[in-house]
Each structure stands twice: as structure tokens, then as C-alpha cells.
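**Student:** Below is final-v5.txt; it holds compact mmCIF, C-alpha atoms.
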```txt
# COMPACT_ATOMS: atom_id res chain seq x y z
CA MET A 1 44.90 70.58 119.09
CA GLU A 2 41.41 72.02 118.51
CA SER A 3 42.75 75.09 116.63
CA VAL A 4 43.14 75.12 112.86
CA LEU A 5 46.89 75.65 113.19
CA GLY A 6 47.11 72.76 115.63
CA SER A 7 45.23 70.51 113.21
CA LEU A 8 47.59 71.46 110.39
CA GLU A 9 50.62 70.78 112.59
CA LEU A 10 49.17 67.36 113.32
CA LEU A 11 48.56 66.79 109.60
CA ARG A 12 52.18 67.58 108.86
CA ALA A 13 53.38 65.27 111.65
CA VAL A 14 51.36 62.36 110.22
CA VAL A 15 52.75 62.96 106.72
CA LEU A 16 56.35 63.16 107.96
CA THR A 17 56.19 60.13 110.26
CA GLY A 18 53.97 57.91 108.13
CA ASN A 19 51.61 56.71 110.87
CA PHE A 20 49.43 57.89 113.74
CA ILE A 21 51.52 56.36 116.52
CA ARG A 22 54.77 58.18 115.65
CA ALA A 23 52.87 61.39 114.94
CA GLY A 24 51.28 61.14 118.38
CA GLU A 25 54.65 60.56 120.03
CA ARG A 26 55.97 63.64 118.28
CA LEU A 27 53.10 65.82 119.50
CA GLY A 28 52.35 64.21 122.87
CA LEU A 29 49.08 62.58 121.82
CA THR A 30 47.71 59.04 121.88
CA GLN A 31 47.09 57.14 118.65
CA SER A 32 43.34 57.44 119.17
CA GLY A 33 43.72 61.17 119.82
CA VAL A 34 45.52 61.61 116.53
CA SER A 35 42.89 59.54 114.71
CA ARG A 36 40.06 61.64 116.15
CA ALA A 37 41.84 64.90 115.30
CA VAL A 38 42.41 63.79 111.71
CA ALA A 39 38.75 62.74 111.41
CA ARG A 40 37.65 66.18 112.68
CA LEU A 41 39.91 67.92 110.16
CA GLU A 42 38.58 65.73 107.33
CA GLN A 43 35.03 66.58 108.36
CA GLN A 44 35.87 70.28 108.57
CA ILE A 45 37.37 70.53 105.07
CA GLY A 46 35.08 67.95 103.48
CA VAL A 47 37.67 65.59 101.96
CA ARG A 48 39.31 62.32 102.99
CA LEU A 49 42.97 63.11 103.65
CA PHE A 50 44.51 59.69 104.23
CA GLU A 51 44.31 56.11 103.06
CA ARG A 52 44.79 53.95 106.15
CA ASN A 53 46.10 50.40 106.47
CA ALA A 54 47.74 48.31 109.16
CA ARG A 55 51.29 49.39 108.26
CA ALA A 56 51.06 53.07 107.31
CA VAL A 57 48.88 55.97 106.25
CA THR A 58 49.35 57.77 102.93
CA LEU A 59 47.83 60.92 101.50
CA THR A 60 44.92 60.63 99.11
CA GLU A 61 45.11 62.70 95.93
CA GLU A 62 42.85 65.32 97.55
CA GLY A 63 44.95 65.15 100.69
CA ARG A 64 48.15 65.63 98.72
CA ARG A 65 46.79 68.77 97.05
CA PHE A 66 45.58 70.15 100.39
CA TYR A 67 48.87 69.41 102.12
CA GLU A 68 50.85 70.90 99.23
CA THR A 69 48.94 74.14 99.76
CA VAL A 70 49.04 74.42 103.54
CA SER A 71 52.46 72.95 104.39
CA PRO A 72 54.47 76.00 103.26
CA LEU A 73 52.08 78.24 105.22
CA VAL A 74 52.57 76.26 108.42
CA GLY A 75 56.35 76.40 107.91
CA ALA A 76 56.17 80.15 107.41
CA ILE A 77 54.18 80.58 110.63
CA ASP A 78 56.77 78.52 112.51
CA GLU A 79 59.54 80.75 111.17
CA ALA A 80 57.57 83.91 112.00
CA VAL A 81 57.16 82.74 115.59
CA SER A 82 60.89 81.99 115.80
CA ALA A 83 61.74 85.38 114.35
CA SER A 84 59.44 87.17 116.81
CA SER A 85 61.11 85.40 119.71
CA GLY A 86 64.56 86.57 118.60
CA ALA A 87 65.57 83.29 116.96
CA SER A 88 65.43 84.42 113.31
CA ALA A 89 69.08 83.53 112.74
CA GLN A 90 68.54 79.95 113.85
CA ILE A 91 68.09 77.14 111.33
CA ARG A 92 66.35 74.42 113.26
CA GLY A 93 64.12 71.39 112.99
CA ARG A 94 64.43 68.42 110.61
CA LEU A 95 65.35 68.78 106.95
CA ARG A 96 64.39 65.79 104.78
CA VAL A 97 66.23 65.51 101.46
CA ASN A 98 65.49 63.10 98.61
CA ALA A 99 68.91 62.82 96.93
CA ASP A 100 70.39 61.44 93.74
CA PRO A 101 72.84 58.62 94.65
CA LEU A 102 75.89 60.27 93.03
CA PHE A 103 75.08 63.63 94.59
CA ALA A 104 74.64 62.05 98.03
CA ARG A 105 77.87 60.06 97.84
CA ASP A 106 80.28 62.41 96.08
CA VAL A 107 78.95 65.91 96.79
CA LEU A 108 77.00 65.85 100.02
CA ALA A 109 78.70 63.18 102.15
CA PRO A 110 82.21 64.75 102.08
CA ARG A 111 80.77 68.17 102.96
CA VAL A 112 77.81 67.47 105.23
CA GLU A 113 79.75 67.98 108.47
CA ARG A 114 80.42 71.62 107.54
CA PHE A 115 76.71 72.20 106.97
CA LEU A 116 75.66 70.57 110.23
CA SER A 117 78.40 72.35 112.17
CA ALA A 118 77.05 75.67 110.91
CA HIS A 119 73.49 74.79 112.05
CA ARG A 120 73.67 73.04 115.41
CA GLU A 121 69.90 72.86 115.93
CA LEU A 122 69.18 71.20 112.60
CA GLU A 123 68.66 67.49 111.92
CA LEU A 124 69.36 66.31 108.36
CA GLU A 125 67.74 63.17 106.94
CA VAL A 126 68.97 62.13 103.49
CA MET A 127 67.14 59.40 101.61
CA VAL A 128 68.96 58.18 98.49
CA SER A 129 66.77 57.39 95.48
CA ASP A 130 66.96 57.56 91.69
CA ARG A 131 63.44 59.05 91.49
CA VAL A 132 61.96 62.28 92.83
CA GLY A 133 58.64 60.62 93.60
CA ASP A 134 55.92 62.61 95.38
CA LEU A 135 57.73 65.01 97.69
CA VAL A 136 54.61 66.10 99.52
CA ALA A 137 53.10 62.66 100.13
CA GLU A 138 56.48 61.28 101.22
CA GLY A 139 57.22 64.21 103.51
CA PHE A 140 60.37 65.55 101.85
CA ASP A 141 61.39 69.20 101.96
CA VAL A 142 63.55 69.11 98.84
CA ALA A 143 64.87 66.74 96.16
CA ILE A 144 68.23 67.01 94.36
CA ARG A 145 68.60 65.56 90.85
CA PHE A 146 70.92 65.73 87.86
CA GLY A 147 69.41 66.41 84.43
CA ASP A 148 66.89 68.80 82.93
CA PRO A 149 63.59 69.02 84.82
CA LYS A 150 60.53 67.18 83.60
CA PRO A 151 57.09 68.89 83.53
CA SER A 152 55.83 68.99 87.10
CA SER A 153 54.04 71.13 89.67
CA LEU A 154 57.30 71.33 91.64
CA VAL A 155 59.56 74.36 91.60
CA ALA A 156 62.90 73.57 89.90
CA LYS A 157 65.97 75.62 90.82
CA ARG A 158 69.25 75.05 88.98
CA LEU A 159 72.21 74.81 91.35
CA PHE A 160 75.12 73.89 89.12
CA ARG A 161 76.22 72.69 85.67
CA THR A 162 79.08 70.33 84.86
CA ARG A 163 80.64 69.43 81.50
CA ILE A 164 80.21 66.02 79.88
CA VAL A 165 83.51 64.41 78.91
CA THR A 166 84.20 61.30 76.83
CA CYS A 167 87.00 59.29 78.38
CA ALA A 168 88.84 55.96 78.54
CA THR A 169 91.82 54.48 80.34
CA PRO A 170 95.30 54.39 78.78
CA ALA A 171 95.06 50.57 78.88
CA TYR A 172 91.88 50.57 76.79
CA LEU A 173 93.42 52.99 74.28
CA LYS A 174 96.57 50.89 74.02
CA THR A 175 94.45 47.86 73.09
CA TYR A 176 91.87 49.44 70.78
CA GLY A 177 93.54 52.65 69.65
CA LYS A 178 92.66 56.26 70.39
CA PRO A 179 89.82 57.68 68.27
CA ARG A 180 90.67 61.04 66.70
CA ARG A 181 87.09 62.18 66.06
CA PRO A 182 83.76 61.38 67.74
CA GLU A 183 82.50 59.71 64.55
CA GLU A 184 85.14 56.97 64.93
CA LEU A 185 83.30 55.64 67.99
CA SER A 186 80.74 54.03 65.66
CA ASN A 187 83.16 51.27 64.61
CA GLY A 188 85.65 49.18 66.52
CA HIS A 189 84.99 50.63 69.96
CA SER A 190 83.03 49.41 72.97
CA CYS A 191 81.03 52.25 74.51
CA ILE A 192 79.48 51.92 77.96
CA GLN A 193 75.76 52.65 77.56
CA PHE A 194 73.96 54.57 80.29
CA ARG A 195 70.21 54.19 80.72
CA ASP A 196 68.12 57.18 81.75
CA PRO A 197 66.68 56.22 85.18
CA GLN A 198 63.48 58.08 84.31
CA THR A 199 62.75 56.53 80.89
CA GLY A 200 64.81 53.32 80.88
CA ARG A 201 66.21 54.21 77.44
CA ALA A 202 69.93 54.56 76.73
CA PHE A 203 71.14 58.13 76.40
CA GLU A 204 72.29 59.27 72.96
CA TRP A 205 75.95 60.13 72.69
CA GLU A 206 76.11 63.84 72.02
CA PHE A 207 79.14 66.01 71.36
CA HIS A 208 78.98 69.79 71.65
CA GLN A 209 81.43 72.33 70.27
CA GLY A 210 80.13 75.83 70.88
CA ARG A 211 76.75 75.86 69.15
CA ARG A 212 77.53 72.76 67.10
CA LYS A 213 75.96 69.49 68.18
CA LEU A 214 76.97 66.08 66.88
CA VAL A 215 75.05 62.87 67.66
CA VAL A 216 77.01 59.64 67.17
CA GLU A 217 75.52 56.15 67.15
CA THR A 218 77.66 54.03 69.46
CA LYS A 219 77.74 50.33 70.29
CA GLY A 220 78.45 48.43 73.46
CA ARG A 221 77.35 45.31 75.31
CA LEU A 222 77.38 46.87 78.78
CA TYR A 223 74.26 48.82 79.83
CA LEU A 224 74.12 50.55 83.22
CA ASN A 225 71.80 52.93 85.05
CA ASP A 226 74.15 54.02 87.83
CA GLY A 227 76.85 56.63 87.34
CA ALA A 228 79.20 55.24 89.99
CA THR A 229 79.09 51.79 88.37
CA ALA A 230 79.67 53.30 84.93
CA LEU A 231 82.72 55.17 86.20
CA SER A 232 84.09 52.01 87.82
CA ALA A 233 83.58 50.06 84.59
CA CYS A 234 85.37 52.75 82.62
CA LEU A 235 88.27 52.76 85.10
CA ALA A 236 88.45 48.96 84.70
CA SER A 237 89.01 49.45 80.94
CA GLN A 238 85.65 47.92 80.06
CA GLY A 239 85.03 50.58 77.43
CA ILE A 240 84.72 54.25 76.62
CA GLY A 241 82.35 56.27 78.80
CA GLN A 242 80.62 59.61 78.74
CA MET A 243 80.81 61.02 82.25
CA MET A 244 80.16 64.19 84.17
CA GLU A 245 83.40 66.09 84.66
CA LEU A 246 82.42 66.51 88.31
CA TRP A 247 83.11 62.77 88.83
CA THR A 248 86.17 62.46 86.59
CA GLU A 249 88.25 65.56 87.47
CA GLU A 250 90.71 63.73 89.70
CA HIS A 251 91.14 60.82 87.25
CA LEU A 252 91.73 63.18 84.33
CA ARG A 253 94.24 65.16 86.35
CA THR A 254 96.24 62.08 87.37
CA GLY A 255 96.04 60.42 83.94
CA THR A 256 94.07 57.33 84.97
CA LEU A 257 91.47 58.56 82.46
CA VAL A 258 92.03 60.40 79.18
CA ASN A 259 89.64 63.02 77.80
CA LEU A 260 89.35 61.86 74.19
CA PHE A 261 87.77 64.95 72.63
CA PRO A 262 88.55 68.10 74.64
CA SER A 263 87.31 70.32 71.81
CA TRP A 264 83.93 68.53 71.83
CA SER A 265 83.23 68.81 75.58
CA ASP A 266 80.91 71.83 75.71
CA GLU A 267 77.78 69.92 76.72
CA LEU A 268 76.66 71.01 80.19
CA PHE A 269 74.66 68.75 82.50
CA PRO A 270 72.67 70.49 85.27
CA LEU A 271 71.97 69.78 88.92
CA TYR A 272 68.51 70.88 90.09
CA ALA A 273 66.74 71.26 93.39
CA TYR A 274 62.99 70.57 93.51
CA TYR A 275 60.58 71.79 96.19
CA PRO A 276 56.80 72.17 96.46
CA SER A 277 56.34 75.95 96.55
CA ARG A 278 58.25 79.09 95.61
CA GLN A 279 56.51 81.03 98.37
CA PHE A 280 57.31 80.61 102.04
CA LEU A 281 60.38 78.47 101.41
CA PRO A 282 61.53 77.29 104.86
CA ALA A 283 64.77 78.83 106.10
CA ARG A 284 66.32 75.37 106.55
CA VAL A 285 65.73 74.63 102.84
CA ARG A 286 67.17 77.99 101.77
CA ALA A 287 70.23 77.40 103.93
CA PHE A 288 70.78 73.95 102.43
CA LEU A 289 70.45 75.14 98.83
CA ASP A 290 72.75 78.11 99.47
CA PHE A 291 75.32 75.77 101.01
CA ILE A 292 75.29 73.33 98.06
CA SER A 293 75.49 76.14 95.51
CA SER A 294 78.42 77.69 97.35
CA GLU A 295 80.28 74.40 97.67
CA LEU A 296 79.90 73.52 93.98
CA LYS A 297 81.11 76.93 92.81
```
Would you put the structure from the file into C-alpha cells?
**Tutor:**
Amino acid sequence: MESVLGSLELLRAVVLTGNFIRAGERLGLTQSGVSRAVARLEQQIGVRLFERNARAVTLTEEGRRFYETVSPLVGAIDEAVSASSGASAQIRGRLRVNADPLFARDVLAPRVERFLSAHRELELEVMVSDRVGDLVAEGFDVAIRFGDPKPSSLVAKRLFRTRIVTCATPAYLKTYGKPRRPEELSNGHSCIQFRDPQTGRAFEWEFHQGRRKLVVETKGRLYLNDGATALSACLASQGIGQMMELWTEEHLRTGTLVNLFPSWSDELFPLYAYYPSRQFLPARVRAFLDFISSELK
């Protein structure tokens, strides 16, 4: 562990495991050995890498920037060694994914066995969250989120786009009537409001027809910040909802939901992958992103 590469491997192990004990177990070192090695690395580069407490260690701001720079390089060296030993076709190791709840439940979970079956030496850890957070400090390889990317140092890669549809149940429409135009939603209709998890504000109701965009002020007493709950409320005839077509396809096909304005359903909502660096992207991350893109096509 005296080499620079060994020190960087240890740094990555501490970040991924969250404490010195588990990092030591991963690398065959004692807790005190890990602590001494980290102290030597901090002295060598001249910055404090970790904040330490009784429960966990976390990267300092300087440590985060350093790790963000060196982690892709260490991953690339690992892959180069594997390739030189004739194992270039193997996707191995642990892949940690920070996933949007709807993506994890409705896209990944039904398909994950196919991905793991194709890569027998890979471990997949999926942590469900409604925020990207700090990928580097939290030890994630990639995050998956719906919506347009916010300004960030992370690389954002679009994987997929789904239409936004405005829908209600036949029972709701029987009680309150079927609106003929989007503007009619302003009066006499209960619209399920969806809060942006990032800002906490309710999304505007937009309607797109080619290049035309119409914004309608809607009313409703039910505010939610979870897509699955919003879909369930809509299916329970609690109101009209604006949903991703990805989640409503089966309901629209069977008639349990009705698309109210098919000619105003041209808004596209994207799914993005986020990762720390465009260079030296680990093979396990490339394989995962290729798999998701292929499945959603």
C-alpha cells in the first residue's frame, strides 16, 4: 500500500465503504493501517481528505475534488490491467447506482435480471433517492433521473424521452364531464398537482402541439411529489393528472385511463444519466447505460 496507486485504491475503498474498518476488510488491512495510509496520502498531497467522526468518514471539499479527478483514472488502470490479462470482455466489480424511484421500480426492477445474467461477475447496488446528491462523496458510479439537467460539474447523458399525457378515469369524466380543450381545465376540474422534487414548487401544466406551447392555470387540492402516488390517485378518480406516457401506456391501452388531449401531447420528458467524468468511463457503467438505452427503445 506504499505505492501511489495503492494509496488511491485505498482512498476509493474508504469513499465506497464509508469508514476505515470496512475499507480495511475490503483490502486486507487493519483499521489503524488504513488510518496511517490515509494520513500519509494527505501529507503527500497537502490537503485533508476526510472529515472523521465516530460513525463515518466523509470527503472534505478538497477531498471531493481530488477524488473526482483521480477516481476515473484508477478505474481506467483497473480496466487496462484486466484487458492485458485477456479479460477485456468481462464486466466485473460493483456498480453503484443512485436511481429515481419510478425508474428503479418500473424500468429497472422488471429488467435487472437480464442485465445481471449477461454480466455474471458484476454486483449491482441500487440506492433509491429523489436527489442526485454528491455522486463522488457518496461513492456512486452513476445516477439516473427524469427531467432536464441542472447546471452541474457532472456529465449528463440523455437516455430516453417519453411523452407527457393528460389523463383521467372514465368514472371521473362521468362525474365532472370530459374537457374538450386544455383551457377548460381552469374551471370545474380538480387537477392533481405535482411538486418538483428539486424546487418544491408545483409544475406548470403545459400542452405542446408541434411548436405551439400552451400553459394553463389549473386548480386542485391534492399536491404530491411522487409519480407513483400521483398515478394511483389518478386511477382512484381523485382528479385529472399529467403523467409520463411510460407509466400510463398499459392503462391507456385498456381504457382504465383516457388521454384527454391526444393532439396536445407533444411535450417530451427526458431520462438522463449523470456521472463524474466523460473520460475513462468504467466499462461496467458503459454496459449499464447501453442496457437501459436498449431496453427503453
**Student:** I'd like to know which of A:Gly63, A:Val34, A:Gln44, A:Arg94 is closest to Leu116 of chain A, using all atoms listed in the file.
**Tutor:** A:Arg94
**Student:** Pick from A:Phe203, A:Phe160, A:Tyr272, A:Trp247: nearest to Leu224 of chain A, with only C-alpha atoms counted?
**Tutor:** A:Phe203
**Student:** Could you check how far atom CA of Pro101 of chain A sits from atom CA of Tyr172 of chain A, in Å to one decimal?
**Tutor:**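 Pair atom CA of Pro101 of chain A / atom CA of Tyr172 of chain A returns 27.3 Å.
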**Student:** From the set A:Ser153, A:Asn98, A:Gln43, A:Thr162, which residue has the shortest atom-to-atom contact distance to Val126 of chain A, counting all atoms listed in the file?
**Tutor:**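 Ranking A:Ser153, A:Asn98, A:Gln43, A:Thr162 by distance to Val126 of chain A, first place goes to A:Asn98.
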**Student:** Do you have the atom CA of Asn225 of chain A-atom CA of Asp196 of chain A distance handy?
**Tutor:**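 Atom-to-atom, atom CA of Asn225 of chain A to atom CA of Asp196 of chain A, that is 6.5 Å.
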**Student:** Considering all atoms listed in the file, state which residue in the set A:Glu138, A:Glu183, A:Glu62, A:Asp106 is at the smallest distance from Glu42 of chain A.
**Tutor:**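 Of A:Glu138, A:Glu183, A:Glu62, A:Asp106, the one nearest Glu42 of chain A, counting all atoms listed in the file, is A:Glu62.
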**Student:** Point out the residue among A:Leu16, A:Leu8, A:Glu25, A:Leu235 with the least atom-to-atom distance to Leu41 of chain A, counting all atoms listed in the file.
**Tutor:**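 Under the stated criterion, the closest residue is A:Leu8.
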